[in-house]
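To be precise, the following lines are work_29.pdb, and they hold PDB, C-alpha atoms and all ligand atoms.
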```
ATOM      1  CA  MET P   4     -33.138  13.261  14.661  1.00  0.00           C
ATOM      2  CA  GLY P   5     -35.795  12.848  17.360  1.00  0.00           C
ATOM      3  CA  PHE P   6     -35.672  12.602  21.148  1.00  0.00           C
ATOM      4  CA  TYR P   7     -35.750   8.765  21.093  1.00  0.00           C
ATOM      5  CA  GLU P   8     -32.769   8.434  18.676  1.00  0.00           C
ATOM      6  CA  ASN P   9     -30.743  11.230  20.224  1.00  0.00           C
ATOM      7  CA  ARG P  10     -31.360  10.763  23.960  1.00  0.00           C
ATOM      8  CA  VAL P  11     -33.041   7.435  24.775  1.00  0.00           C
ATOM      9  CA  LEU P  12     -31.368   5.105  22.273  1.00  0.00           C
ATOM     10  CA  PRO P  13     -27.749   5.980  23.203  1.00  0.00           C
ATOM     11  CA  HIS P  14     -28.564   5.071  26.813  1.00  0.00           C
ATOM     12  CA  LEU P  15     -30.284   1.789  25.808  1.00  0.00           C
ATOM     13  CA  ILE P  16     -27.427   0.820  23.450  1.00  0.00           C
ATOM     14  CA  ASP P  17     -24.837   1.602  26.109  1.00  0.00           C
ATOM     15  CA  LYS P  18     -26.656  -0.614  28.618  1.00  0.00           C
ATOM     16  CA  GLY P  19     -27.423  -3.448  26.153  1.00  0.00           C
ATOM     17  CA  CYS P  20     -23.977  -3.517  24.549  1.00  0.00           C
ATOM     18  CA  GLY P  21     -22.357  -3.208  27.983  1.00  0.00           C
ATOM     19  CA  ALA P  22     -23.726  -6.575  29.145  1.00  0.00           C
ATOM     20  CA  PRO P  23     -21.092  -8.926  30.651  1.00  0.00           C
ATOM     21  CA  PRO P  24     -21.372 -11.649  27.935  1.00  0.00           C
ATOM     22  CA  ILE P  25     -20.683  -8.984  25.284  1.00  0.00           C
ATOM     23  CA  ALA P  26     -17.736  -7.689  27.299  1.00  0.00           C
ATOM     24  CA  LYS P  27     -16.253 -11.215  27.070  1.00  0.00           C
ATOM     25  CA  GLN P  28     -16.577 -11.050  23.280  1.00  0.00           C
ATOM     26  CA  ARG P  29     -14.835  -7.665  23.189  1.00  0.00           C
ATOM     27  CA  GLN P  30     -11.947  -9.145  25.176  1.00  0.00           C
ATOM     28  CA  LYS P  31     -11.458 -11.755  22.414  1.00  0.00           C
ATOM     29  CA  VAL P  32     -10.861  -9.229  19.611  1.00  0.00           C
ATOM     30  CA  VAL P  33     -10.159  -5.656  20.739  1.00  0.00           C
ATOM     31  CA  PRO P  34      -6.726  -6.293  22.360  1.00  0.00           C
ATOM     32  CA  GLN P  35      -5.454  -7.458  18.945  1.00  0.00           C
ATOM     33  CA  ALA P  36      -5.851  -3.949  17.489  1.00  0.00           C
ATOM     34  CA  SER P  37      -2.545  -2.305  16.681  1.00  0.00           C
ATOM     35  CA  GLY P  38      -1.036   0.768  15.061  1.00  0.00           C
ATOM     36  CA  ARG P  39      -3.416   3.265  13.491  1.00  0.00           C
ATOM     37  CA  VAL P  40      -6.867   1.894  14.227  1.00  0.00           C
ATOM     38  CA  LEU P  41     -10.176   2.828  12.640  1.00  0.00           C
ATOM     39  CA  GLU P  42     -13.106   1.851  14.862  1.00  0.00           C
ATOM     40  CA  ILE P  43     -16.357   1.788  12.889  1.00  0.00           C
ATOM     41  CA  GLY P  44     -19.429   2.929  14.848  1.00  0.00           C
ATOM     42  CA  MET P  45     -17.546   3.661  18.068  1.00  0.00           C
ATOM     43  CA  GLY P  46     -20.847   4.099  19.857  1.00  0.00           C
ATOM     44  CA  SER P  47     -20.527   4.900  23.556  1.00  0.00           C
ATOM     45  CA  GLY P  48     -16.860   3.871  23.609  1.00  0.00           C
ATOM     46  CA  LEU P  49     -17.374   0.480  25.250  1.00  0.00           C
ATOM     47  CA  ASN P  50     -14.294  -0.953  23.495  1.00  0.00           C
ATOM     48  CA  ILE P  51     -11.920   1.670  24.901  1.00  0.00           C
ATOM     49  CA  PRO P  52     -10.970  -0.262  28.088  1.00  0.00           C
ATOM     50  CA  PHE P  53     -10.187  -3.389  26.022  1.00  0.00           C
ATOM     51  CA  TYR P  54      -7.471  -1.887  23.791  1.00  0.00           C
ATOM     52  CA  ASP P  55      -3.897  -2.944  24.475  1.00  0.00           C
ATOM     53  CA  VAL P  56      -2.396   0.519  25.023  1.00  0.00           C
ATOM     54  CA  SER P  57       1.115  -0.691  24.208  1.00  0.00           C
ATOM     55  CA  ARG P  58       0.030  -1.632  20.661  1.00  0.00           C
ATOM     56  CA  VAL P  59      -2.124   1.344  19.719  1.00  0.00           C
ATOM     57  CA  GLU P  60      -0.736   4.472  18.090  1.00  0.00           C
ATOM     58  CA  LEU P  61      -4.020   6.276  17.395  1.00  0.00           C
ATOM     59  CA  VAL P  62      -7.729   5.447  17.173  1.00  0.00           C
ATOM     60  CA  TRP P  63     -10.061   7.126  14.719  1.00  0.00           C
ATOM     61  CA  GLY P  64     -13.533   6.758  16.211  1.00  0.00           C
ATOM     62  CA  LEU P  65     -16.017   6.886  13.360  1.00  0.00           C
ATOM     63  CA  GLU P  66     -19.496   7.556  14.739  1.00  0.00           C
ATOM     64  CA  PRO P  67     -22.288   9.399  12.878  1.00  0.00           C
ATOM     65  CA  SER P  68     -24.640   9.823  15.857  1.00  0.00           C
ATOM     66  CA  ASP P  69     -24.316  12.960  18.026  1.00  0.00           C
ATOM     67  CA  GLY P  70     -26.099  11.153  20.862  1.00  0.00           C
ATOM     68  CA  MET P  71     -23.644   8.227  20.823  1.00  0.00           C
ATOM     69  CA  ARG P  72     -20.627  10.552  20.690  1.00  0.00           C
ATOM     70  CA  ARG P  73     -22.057  12.457  23.660  1.00  0.00           C
ATOM     71  CA  LYS P  74     -22.550   9.185  25.553  1.00  0.00           C
ATOM     72  CA  ALA P  75     -18.910   8.266  24.817  1.00  0.00           C
ATOM     73  CA  ALA P  76     -17.446  11.608  25.876  1.00  0.00           C
ATOM     74  CA  SER P  77     -16.187  10.672  29.347  1.00  0.00           C
ATOM     75  CA  ARG P  78     -14.677   7.354  28.173  1.00  0.00           C
ATOM     76  CA  VAL P  79     -12.953   9.161  25.288  1.00  0.00           C
ATOM     77  CA  ALA P  80     -11.631  11.876  27.638  1.00  0.00           C
ATOM     78  CA  ASP P  81     -10.166   9.212  29.962  1.00  0.00           C
ATOM     79  CA  ALA P  82      -8.662   7.046  27.191  1.00  0.00           C
ATOM     80  CA  PRO P  83      -4.921   6.447  27.607  1.00  0.00           C
ATOM     81  CA  PHE P  84      -4.365   6.916  23.850  1.00  0.00           C
ATOM     82  CA  GLU P  85      -5.362   9.499  21.262  1.00  0.00           C
ATOM     83  CA  ILE P  86      -8.883   9.219  19.836  1.00  0.00           C
ATOM     84  CA  ARG P  87      -9.917  11.375  16.874  1.00  0.00           C
ATOM     85  CA  TRP P  88     -13.625  11.509  16.103  1.00  0.00           C
ATOM     86  CA  LEU P  89     -14.852  11.089  12.540  1.00  0.00           C
ATOM     87  CA  ASP P  90     -18.493  12.195  12.616  1.00  0.00           C
ATOM     88  CA  LEU P  91     -19.544  10.482   9.397  1.00  0.00           C
ATOM     89  CA  PRO P  92     -21.145   7.133   8.526  1.00  0.00           C
ATOM     90  CA  GLY P  93     -19.160   4.052   7.467  1.00  0.00           C
ATOM     91  CA  GLU P  94     -20.326   4.543   3.900  1.00  0.00           C
ATOM     92  CA  GLU P  95     -18.244   7.777   3.769  1.00  0.00           C
ATOM     93  CA  ILE P  96     -14.964   7.117   5.585  1.00  0.00           C
ATOM     94  CA  PRO P  97     -12.957  10.352   5.273  1.00  0.00           C
ATOM     95  CA  LEU P  98      -9.502   8.735   5.272  1.00  0.00           C
ATOM     96  CA  GLU P  99      -6.893   8.158   2.571  1.00  0.00           C
ATOM     97  CA  ASP P 100      -6.513   4.761   0.939  1.00  0.00           C
ATOM     98  CA  ASP P 101      -4.329   2.318   2.941  1.00  0.00           C
ATOM     99  CA  SER P 102      -4.275   4.488   6.061  1.00  0.00           C
ATOM    100  CA  ALA P 103      -5.340   2.044   8.821  1.00  0.00           C
ATOM    101  CA  ASP P 104      -3.350  -0.888  10.223  1.00  0.00           C
ATOM    102  CA  THR P 105      -6.519  -2.185  11.893  1.00  0.00           C
ATOM    103  CA  VAL P 106     -10.218  -1.719  11.262  1.00  0.00           C
ATOM    104  CA  LEU P 107     -12.307  -2.666  14.304  1.00  0.00           C
ATOM    105  CA  LEU P 108     -15.935  -3.611  13.797  1.00  0.00           C
ATOM    106  CA  THR P 109     -17.976  -4.631  16.838  1.00  0.00           C
ATOM    107  CA  TYR P 110     -21.784  -4.827  16.817  1.00  0.00           C
ATOM    108  CA  THR P 111     -22.038  -2.255  14.031  1.00  0.00           C
ATOM    109  CA  LEU P 112     -22.286  -4.138  10.728  1.00  0.00           C
ATOM    110  CA  CYS P 113     -25.797  -5.126  11.832  1.00  0.00           C
ATOM    111  CA  THR P 114     -26.789  -1.440  11.841  1.00  0.00           C
ATOM    112  CA  ILE P 115     -25.074   0.222   8.868  1.00  0.00           C
ATOM    113  CA  PRO P 116     -27.784   0.820   6.243  1.00  0.00           C
ATOM    114  CA  ASP P 117     -25.590   0.317   3.140  1.00  0.00           C
ATOM    115  CA  PHE P 118     -23.244  -2.226   4.676  1.00  0.00           C
ATOM    116  CA  ARG P 119     -21.806  -3.243   1.289  1.00  0.00           C
ATOM    117  CA  ALA P 120     -20.716   0.337   0.559  1.00  0.00           C
ATOM    118  CA  ALA P 121     -19.292   0.636   4.081  1.00  0.00           C
ATOM    119  CA  LEU P 122     -17.318  -2.618   3.755  1.00  0.00           C
ATOM    120  CA  ALA P 123     -15.901  -1.393   0.429  1.00  0.00           C
ATOM    121  CA  GLN P 124     -14.758   1.763   2.269  1.00  0.00           C
ATOM    122  CA  MET P 125     -13.216  -0.303   5.074  1.00  0.00           C
ATOM    123  CA  ARG P 126     -11.314  -2.383   2.516  1.00  0.00           C
ATOM    124  CA  ARG P 127     -10.129   0.792   0.781  1.00  0.00           C
ATOM    125  CA  VAL P 128      -8.665   2.353   3.946  1.00  0.00           C
ATOM    126  CA  LEU P 129      -7.214  -0.883   5.380  1.00  0.00           C
ATOM    127  CA  LYS P 130      -3.534  -1.236   4.476  1.00  0.00           C
ATOM    128  CA  PRO P 131      -2.536  -4.374   2.559  1.00  0.00           C
ATOM    129  CA  GLY P 132      -1.416  -6.739   5.334  1.00  0.00           C
ATOM    130  CA  GLY P 133      -3.662  -4.951   7.854  1.00  0.00           C
ATOM    131  CA  ARG P 134      -6.447  -6.673   9.770  1.00  0.00           C
ATOM    132  CA  LEU P 135     -10.145  -6.076  10.073  1.00  0.00           C
ATOM    133  CA  LEU P 136     -11.114  -7.415  13.515  1.00  0.00           C
ATOM    134  CA  PHE P 137     -14.762  -8.221  14.001  1.00  0.00           C
ATOM    135  CA  SER P 138     -17.228  -9.358  16.626  1.00  0.00           C
ATOM    136  CA  GLU P 139     -20.785  -9.152  15.371  1.00  0.00           C
ATOM    137  CA  HIS P 140     -24.168 -10.761  15.841  1.00  0.00           C
ATOM    138  CA  GLY P 141     -26.297 -11.923  12.943  1.00  0.00           C
ATOM    139  CA  ALA P 142     -28.131 -14.686  11.123  1.00  0.00           C
ATOM    140  CA  ALA P 143     -28.415 -17.907  13.136  1.00  0.00           C
ATOM    141  CA  PRO P 144     -27.704 -21.282  11.496  1.00  0.00           C
ATOM    142  CA  ASP P 145     -30.738 -23.037  13.032  1.00  0.00           C
ATOM    143  CA  PRO P 146     -33.783 -22.764  10.742  1.00  0.00           C
ATOM    144  CA  GLY P 147     -36.184 -22.356  13.690  1.00  0.00           C
ATOM    145  CA  VAL P 148     -34.248 -19.413  15.125  1.00  0.00           C
ATOM    146  CA  ARG P 149     -33.648 -17.924  11.692  1.00  0.00           C
ATOM    147  CA  LYS P 150     -37.373 -18.012  10.910  1.00  0.00           C
ATOM    148  CA  TRP P 151     -38.076 -15.933  14.026  1.00  0.00           C
ATOM    149  CA  GLN P 152     -35.206 -13.572  13.253  1.00  0.00           C
ATOM    150  CA  ASP P 153     -36.772 -12.836   9.855  1.00  0.00           C
ATOM    151  CA  ARG P 154     -40.203 -12.332  11.422  1.00  0.00           C
ATOM    152  CA  ILE P 155     -39.068 -10.057  14.214  1.00  0.00           C
ATOM    153  CA  ASN P 156     -36.516  -8.042  12.237  1.00  0.00           C
ATOM    154  CA  PRO P 157     -38.790  -5.243  10.935  1.00  0.00           C
ATOM    155  CA  ILE P 158     -39.971  -4.379  14.482  1.00  0.00           C
ATOM    156  CA  TRP P 159     -36.553  -4.925  16.073  1.00  0.00           C
ATOM    157  CA  LYS P 160     -34.941  -2.632  13.529  1.00  0.00           C
ATOM    158  CA  LYS P 161     -37.355   0.200  14.363  1.00  0.00           C
ATOM    159  CA  LEU P 162     -36.765  -0.064  18.116  1.00  0.00           C
ATOM    160  CA  ALA P 163     -33.037  -0.773  18.053  1.00  0.00           C
ATOM    161  CA  GLY P 164     -31.713   2.109  15.968  1.00  0.00           C
ATOM    162  CA  GLY P 165     -31.604   0.258  12.647  1.00  0.00           C
ATOM    163  CA  CYS P 166     -30.027  -2.970  13.989  1.00  0.00           C
ATOM    164  CA  ASN P 167     -30.807  -6.103  11.945  1.00  0.00           C
ATOM    165  CA  VAL P 168     -30.825  -9.445  13.759  1.00  0.00           C
ATOM    166  CA  ASN P 169     -30.633 -11.535  10.584  1.00  0.00           C
ATOM    167  CA  ARG P 170     -27.662 -10.166   8.633  1.00  0.00           C
ATOM    168  CA  GLU P 171     -25.326 -12.743   7.013  1.00  0.00           C
ATOM    169  CA  ILE P 172     -22.123 -11.318   8.479  1.00  0.00           C
ATOM    170  CA  LEU P 173     -19.558 -13.745   7.033  1.00  0.00           C
ATOM    171  CA  THR P 174     -21.098 -13.664   3.563  1.00  0.00           C
ATOM    172  CA  ALA P 175     -21.056  -9.855   3.636  1.00  0.00           C
ATOM    173  CA  LEU P 176     -17.350  -9.802   4.547  1.00  0.00           C
ATOM    174  CA  GLU P 177     -16.444 -12.363   1.887  1.00  0.00           C
ATOM    175  CA  GLU P 178     -18.465 -10.644  -0.816  1.00  0.00           C
ATOM    176  CA  ALA P 179     -16.651  -7.389   0.035  1.00  0.00           C
ATOM    177  CA  GLY P 180     -13.323  -9.012  -0.878  1.00  0.00           C
ATOM    178  CA  PHE P 181     -12.055 -10.083   2.530  1.00  0.00           C
ATOM    179  CA  ALA P 182     -10.442 -13.412   3.412  1.00  0.00           C
ATOM    180  CA  LEU P 183     -11.606 -14.680   6.808  1.00  0.00           C
ATOM    181  CA  HIS P 184      -9.347 -16.099   9.536  1.00  0.00           C
ATOM    182  CA  ASP P 185      -9.920 -17.851  12.875  1.00  0.00           C
ATOM    183  CA  VAL P 186     -13.683 -17.413  12.662  1.00  0.00           C
ATOM    184  CA  GLU P 187     -15.656 -18.682  15.637  1.00  0.00           C
ATOM    185  CA  THR P 188     -19.377 -18.678  16.308  1.00  0.00           C
ATOM    186  CA  MET P 189     -21.700 -19.369  19.205  1.00  0.00           C
ATOM    187  CA  TYR P 190     -24.948 -18.293  20.821  1.00  0.00           C
ATOM    188  CA  LEU P 191     -24.239 -15.686  23.461  1.00  0.00           C
ATOM    189  CA  PRO P 192     -25.310 -16.988  26.881  1.00  0.00           C
ATOM    190  CA  ALA P 193     -28.135 -15.314  28.825  1.00  0.00           C
ATOM    191  CA  THR P 194     -29.454 -13.652  25.658  1.00  0.00           C
ATOM    192  CA  PRO P 195     -32.641 -14.268  23.634  1.00  0.00           C
ATOM    193  CA  LYS P 196     -31.594 -16.578  20.780  1.00  0.00           C
ATOM    194  CA  ILE P 197     -32.894 -14.284  18.049  1.00  0.00           C
ATOM    195  CA  ALA P 198     -30.243 -11.696  18.970  1.00  0.00           C
ATOM    196  CA  ALA P 199     -27.579 -14.032  20.305  1.00  0.00           C
ATOM    197  CA  PHE P 200     -25.744 -15.610  17.388  1.00  0.00           C
ATOM    198  CA  GLN P 201     -22.148 -14.333  17.417  1.00  0.00           C
ATOM    199  CA  TYR P 202     -19.425 -14.298  14.804  1.00  0.00           C
ATOM    200  CA  TRP P 203     -15.896 -13.193  15.598  1.00  0.00           C
ATOM    201  CA  GLY P 204     -12.465 -13.407  14.010  1.00  0.00           C
ATOM    202  CA  TRP P 205     -10.359 -11.323  11.655  1.00  0.00           C
ATOM    203  CA  ALA P 206     -10.157 -10.586   7.972  1.00  0.00           C
ATOM    204  CA  THR P 207      -7.563  -9.442   5.464  1.00  0.00           C
ATOM    205  CA  HIS P 208      -7.583  -8.280   1.850  1.00  0.00           C
ATOM    206  CA  ARG P 209      -8.192 -11.294  -0.377  1.00  0.00           C
TER     207      ARG P 209
HETATM  208  C1  LIG P 301     -25.177  -1.329  18.496  1.00  0.00           C
HETATM  209  S1  LIG P 301     -24.175   0.083  18.387  1.00  0.00           S
HETATM  210  C2  LIG P 301     -22.561  -0.586  18.676  1.00  0.00           C
HETATM  211  C3  LIG P 301     -21.577   0.435  19.139  1.00  0.00           C
HETATM  212  C4  LIG P 301     -20.140  -0.062  19.344  1.00  0.00           C
HETATM  213  N1  LIG P 301     -19.548  -0.485  18.100  1.00  0.00           N
HETATM  214  C5  LIG P 301     -20.059  -1.148  20.374  1.00  0.00           C
HETATM  215  O1  LIG P 301     -19.457  -2.193  20.097  1.00  0.00           O
HETATM  216  O2  LIG P 301     -20.572  -0.950  21.492  1.00  0.00           O
HETATM  217  C6  LIG P 301     -24.163   0.439  16.646  1.00  0.00           C
HETATM  218  C7  LIG P 301     -23.456   1.744  16.320  1.00  0.00           C
HETATM  219  O3  LIG P 301     -23.413   1.928  14.903  1.00  0.00           O
HETATM  220  C8  LIG P 301     -23.576   3.314  14.657  1.00  0.00           C
HETATM  221  N2  LIG P 301     -23.995   3.504  13.262  1.00  0.00           N
HETATM  222  C9  LIG P 301     -25.244   3.657  12.772  1.00  0.00           C
HETATM  223  N3  LIG P 301     -25.208   3.856  11.449  1.00  0.00           N
HETATM  224  C10 LIG P 301     -23.901   3.831  11.099  1.00  0.00           C
HETATM  225  C11 LIG P 301     -23.210   3.990   9.873  1.00  0.00           C
HETATM  226  N4  LIG P 301     -23.869   4.212   8.726  1.00  0.00           N
HETATM  227  N5  LIG P 301     -21.864   3.920   9.893  1.00  0.00           N
HETATM  228  C12 LIG P 301     -21.198   3.702  11.049  1.00  0.00           C
HETATM  229  N6  LIG P 301     -21.798   3.537  12.236  1.00  0.00           N
HETATM  230  C13 LIG P 301     -23.123   3.599  12.261  1.00  0.00           C
HETATM  231  C14 LIG P 301     -24.637   3.718  15.668  1.00  0.00           C
HETATM  232  O4  LIG P 301     -24.700   5.120  15.824  1.00  0.00           O
HETATM  233  C15 LIG P 301     -24.160   2.978  16.897  1.00  0.00           C
HETATM  234  O5  LIG P 301     -23.241   3.734  17.622  1.00  0.00           O
END
```
Translate this file's structure into structure tokens.
Amino acid sequence: MGFYENRVLPHLIDKGCGAPPIAKQRQKVVPQASGRVLEIGMGSGLNIPFYDVSRVELVWGLEPSDGMRRKAASRVADAPFEIRWLDLPGEEIPLEDDSADTVLLTYTLCTIPDFRAALAQMRRVLKPGGRLLFSEHGAAPDPGVRKWQDRINPIWKKLAGGCNVNREILTALEEAGFALHDVETMYLPATPKIAAFQYWGWATHR
């Protein structure tokens, strides 16, 4: 992995994903996490302050990038609950079947290369009755915005660590065998529309 991916990108992702409108989105989903939680693509640990400590038993932080884990180190050290790193990608979750009460997915499904394989893994490790909480950005419903998302995506993906602006998030979850609940959508304020369309809610085994 080169200097840009290992040193520059973690800093840019931490700044970009730490923007106040995104923090408001985190507040809508992360406090619902409970029990044994698997966070997919923990990144620089920006969700840590949003967990409800009284509900969380343990967090597995799955994050394949050394640079992102390094960026998260101080937040992880200060966390008021146990965090265990899993330094593998979402396509290879090293947990037993039915081992997580909650899977937390924020701003990561856009980036995972084989997102279908990763969602199958998430479904495998999520206990029956458990919840997959998500807050993601993806394909916009307006044809004009969507056209630009498709045009810009190849360049965006190169600069933004593999992030896709045009992924069909809800379709991906449904096709992976999840039932969706309380889904809401909107354009994030103060954000270029091509990267602003938000989906959040929760999902269970169908
Ligand atoms: C835009 S960042 C979001 C980080 C964090 N989830 C957040 O909400 O701030 C995307 C993260 O996905 C991670 N990632 C990349 N490929 C992945 C994969 N195959 N499986 C899991 N995470 C991956 C990246 O290293 C990065 O930390």
Using all atoms listed in the file, what does the table of chain P residues within 7 Å of ligand LIG 301 (chain P) look like, with each row giving the shortest atom pair and its distance in Å to one decimal, sorted by chain and ascending number, as a tab-separated table?
```
residue	atom	partner	partner_atom	distance
P:Ile16	CA	P:LIG301	C1	5.9
P:Asp17	CA	P:LIG301	O2	6.8
P:Cys20	CA	P:LIG301	O2	5.2
P:Ile43	CA	P:LIG301	C12	5.5
P:Gly44	CA	P:LIG301	N6	3.6
P:Met45	CA	P:LIG301	N1	4.6
P:Gly46	CA	P:LIG301	O5	3.3
P:Ser47	CA	P:LIG301	O2	6.2
P:Gly48	CA	P:LIG301	O2	6.4
P:Leu49	CA	P:LIG301	O2	5.1
P:Asn50	CA	P:LIG301	O1	6.3
P:Leu65	CA	P:LIG301	C12	6.5
P:Glu66	CA	P:LIG301	N6	5.3
P:Pro67	CA	P:LIG301	O4	5.7
P:Ser68	CA	P:LIG301	O4	4.7
P:Met71	CA	P:LIG301	O5	5.5
P:Leu91	CA	P:LIG301	N5	7.0
P:Pro92	CA	P:LIG301	N5	3.6
P:Gly93	CA	P:LIG301	N5	3.6
P:Glu94	CA	P:LIG301	N4	6.0
P:Leu108	CA	P:LIG301	N1	6.4
P:Thr109	CA	P:LIG301	O1	4.3
P:Tyr110	CA	P:LIG301	C2	4.7
P:Thr111	CA	P:LIG301	C6	4.3
P:Thr114	CA	P:LIG301	C9	5.4
P:Ile115	CA	P:LIG301	N4	4.2
P:Pro116	CA	P:LIG301	N4	5.7
P:Cys166	CA	P:LIG301	C1	6.8
```
Spatial neighbours of Arg126 (chain P), 8 Å, all atoms listed in the file, chain gap at least 5 places, as number ranges by chain | P: 179-181, 208
Step by step: start from the point (-19.8, -9.8, 18.7) in the file's coordinates, keep every protein, DNA or RNA residue that has an atom no farther than 10 Å from it, count all atoms listed in the file, and write the set as a PDB file with C-alpha atoms, in the frame of the given file.
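Dumped everything to result.pdb:
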```
ATOM      1  CA  CYS P  20     -23.977  -3.517  24.549  1.00  0.00           C
ATOM      2  CA  PRO P  24     -21.372 -11.649  27.935  1.00  0.00           C
ATOM      3  CA  ILE P  25     -20.683  -8.984  25.284  1.00  0.00           C
ATOM      4  CA  ALA P  26     -17.736  -7.689  27.299  1.00  0.00           C
ATOM      5  CA  LYS P  27     -16.253 -11.215  27.070  1.00  0.00           C
ATOM      6  CA  GLN P  28     -16.577 -11.050  23.280  1.00  0.00           C
ATOM      7  CA  ARG P  29     -14.835  -7.665  23.189  1.00  0.00           C
ATOM      8  CA  LYS P  31     -11.458 -11.755  22.414  1.00  0.00           C
ATOM      9  CA  VAL P  32     -10.861  -9.229  19.611  1.00  0.00           C
ATOM     10  CA  LEU P 108     -15.935  -3.611  13.797  1.00  0.00           C
ATOM     11  CA  THR P 109     -17.976  -4.631  16.838  1.00  0.00           C
ATOM     12  CA  TYR P 110     -21.784  -4.827  16.817  1.00  0.00           C
ATOM     13  CA  THR P 111     -22.038  -2.255  14.031  1.00  0.00           C
ATOM     14  CA  PHE P 137     -14.762  -8.221  14.001  1.00  0.00           C
ATOM     15  CA  SER P 138     -17.228  -9.358  16.626  1.00  0.00           C
ATOM     16  CA  GLU P 139     -20.785  -9.152  15.371  1.00  0.00           C
ATOM     17  CA  HIS P 140     -24.168 -10.761  15.841  1.00  0.00           C
ATOM     18  CA  GLY P 141     -26.297 -11.923  12.943  1.00  0.00           C
ATOM     19  CA  THR P 188     -19.377 -18.678  16.308  1.00  0.00           C
ATOM     20  CA  MET P 189     -21.700 -19.369  19.205  1.00  0.00           C
ATOM     21  CA  LEU P 191     -24.239 -15.686  23.461  1.00  0.00           C
ATOM     22  CA  ALA P 199     -27.579 -14.032  20.305  1.00  0.00           C
ATOM     23  CA  PHE P 200     -25.744 -15.610  17.388  1.00  0.00           C
ATOM     24  CA  GLN P 201     -22.148 -14.333  17.417  1.00  0.00           C
ATOM     25  CA  TYR P 202     -19.425 -14.298  14.804  1.00  0.00           C
ATOM     26  CA  TRP P 203     -15.896 -13.193  15.598  1.00  0.00           C
ATOM     27  CA  GLY P 204     -12.465 -13.407  14.010  1.00  0.00           C
TER      28      GLY P 204
END
```
Spell out the residues picked by the PyMOL selection byres (((chain P and resi 99) around 12) and not hetatm) here, as a PyMOL selection string.
-> chain P and resi 41+95-98+100-103+124-130
Which is closer to Ala143 (chain P) than all the others in P:Pro83, P:Pro157, P:Gly164, P:Pro195, using only C-alpha atoms?
-> P:Pro195
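For the pair CA of Ala163 (chain P) and CA of Arg78 (chain P), the interatomic distance is 22.5 Å.
In this structure, CA of Pro34 (chain P) sits 4.9 Å away from CA of Asp55 (chain P).
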Glu85 (chain P) surroundings by all atoms listed in the file, 8 Å radius, close-in-sequence under 4 positions cut, as a PyMOL selection string = chain P and resi 60-62
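Taking CA of Arg119 (chain P) and CA of Trp205 (chain P) as endpoints, the distance between them is 17.4 Å.
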Need to verify the contact set: Asp69 (chain P), 10 Å, only C-alpha atoms, exclusion of same-chain residues closer than 2 positions in sequence. Can you return it as a PDB file with C-alpha atoms, in the frame of the given file?
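That gives us selection.pdb:
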```pdb
ATOM      1  CA  MET P   4     -33.138  13.261  14.661  1.00  0.00           C
ATOM      2  CA  GLU P   8     -32.769   8.434  18.676  1.00  0.00           C
ATOM      3  CA  ASN P   9     -30.743  11.230  20.224  1.00  0.00           C
ATOM      4  CA  ARG P  10     -31.360  10.763  23.960  1.00  0.00           C
ATOM      5  CA  PRO P  13     -27.749   5.980  23.203  1.00  0.00           C
ATOM      6  CA  GLY P  46     -20.847   4.099  19.857  1.00  0.00           C
ATOM      7  CA  GLU P  66     -19.496   7.556  14.739  1.00  0.00           C
ATOM      8  CA  PRO P  67     -22.288   9.399  12.878  1.00  0.00           C
ATOM      9  CA  MET P  71     -23.644   8.227  20.823  1.00  0.00           C
ATOM     10  CA  ARG P  72     -20.627  10.552  20.690  1.00  0.00           C
ATOM     11  CA  ARG P  73     -22.057  12.457  23.660  1.00  0.00           C
ATOM     12  CA  LYS P  74     -22.550   9.185  25.553  1.00  0.00           C
ATOM     13  CA  ALA P  75     -18.910   8.266  24.817  1.00  0.00           C
ATOM     14  CA  ASP P  90     -18.493  12.195  12.616  1.00  0.00           C
TER      15      ASP P  90
END
```
Run the PyMOL selection byres (((chain P and resi 146-152) around 9) and not hetatm) on the file and write out the hits as a PyMOL selection string.
-> chain P and resi 142-145+153-156+167-169+196-198
Could you write out as number ranges by chain the residues that the PyMOL selection byres (((chain P and resi 184) around 6) and not hetatm) matches in the shown file?
-> P: 183, 185-186, 205-206
Compare P:Cys113, P:Ala182, P:Leu89, P:Ala80 by their minimum atom-to-atom distance to Arg209 (chain P), counting all atoms listed in the file, and give me the closest one.
->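 The answer is P:Ala182, which sits nearest to Arg209 (chain P).
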Between P:Leu122, P:Val56, P:Leu136, P:Val106, which is the closest to Glu178 (chain P) once you count only C-alpha atoms?
->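 Closest residue, counting only C-alpha atoms: P:Leu122.
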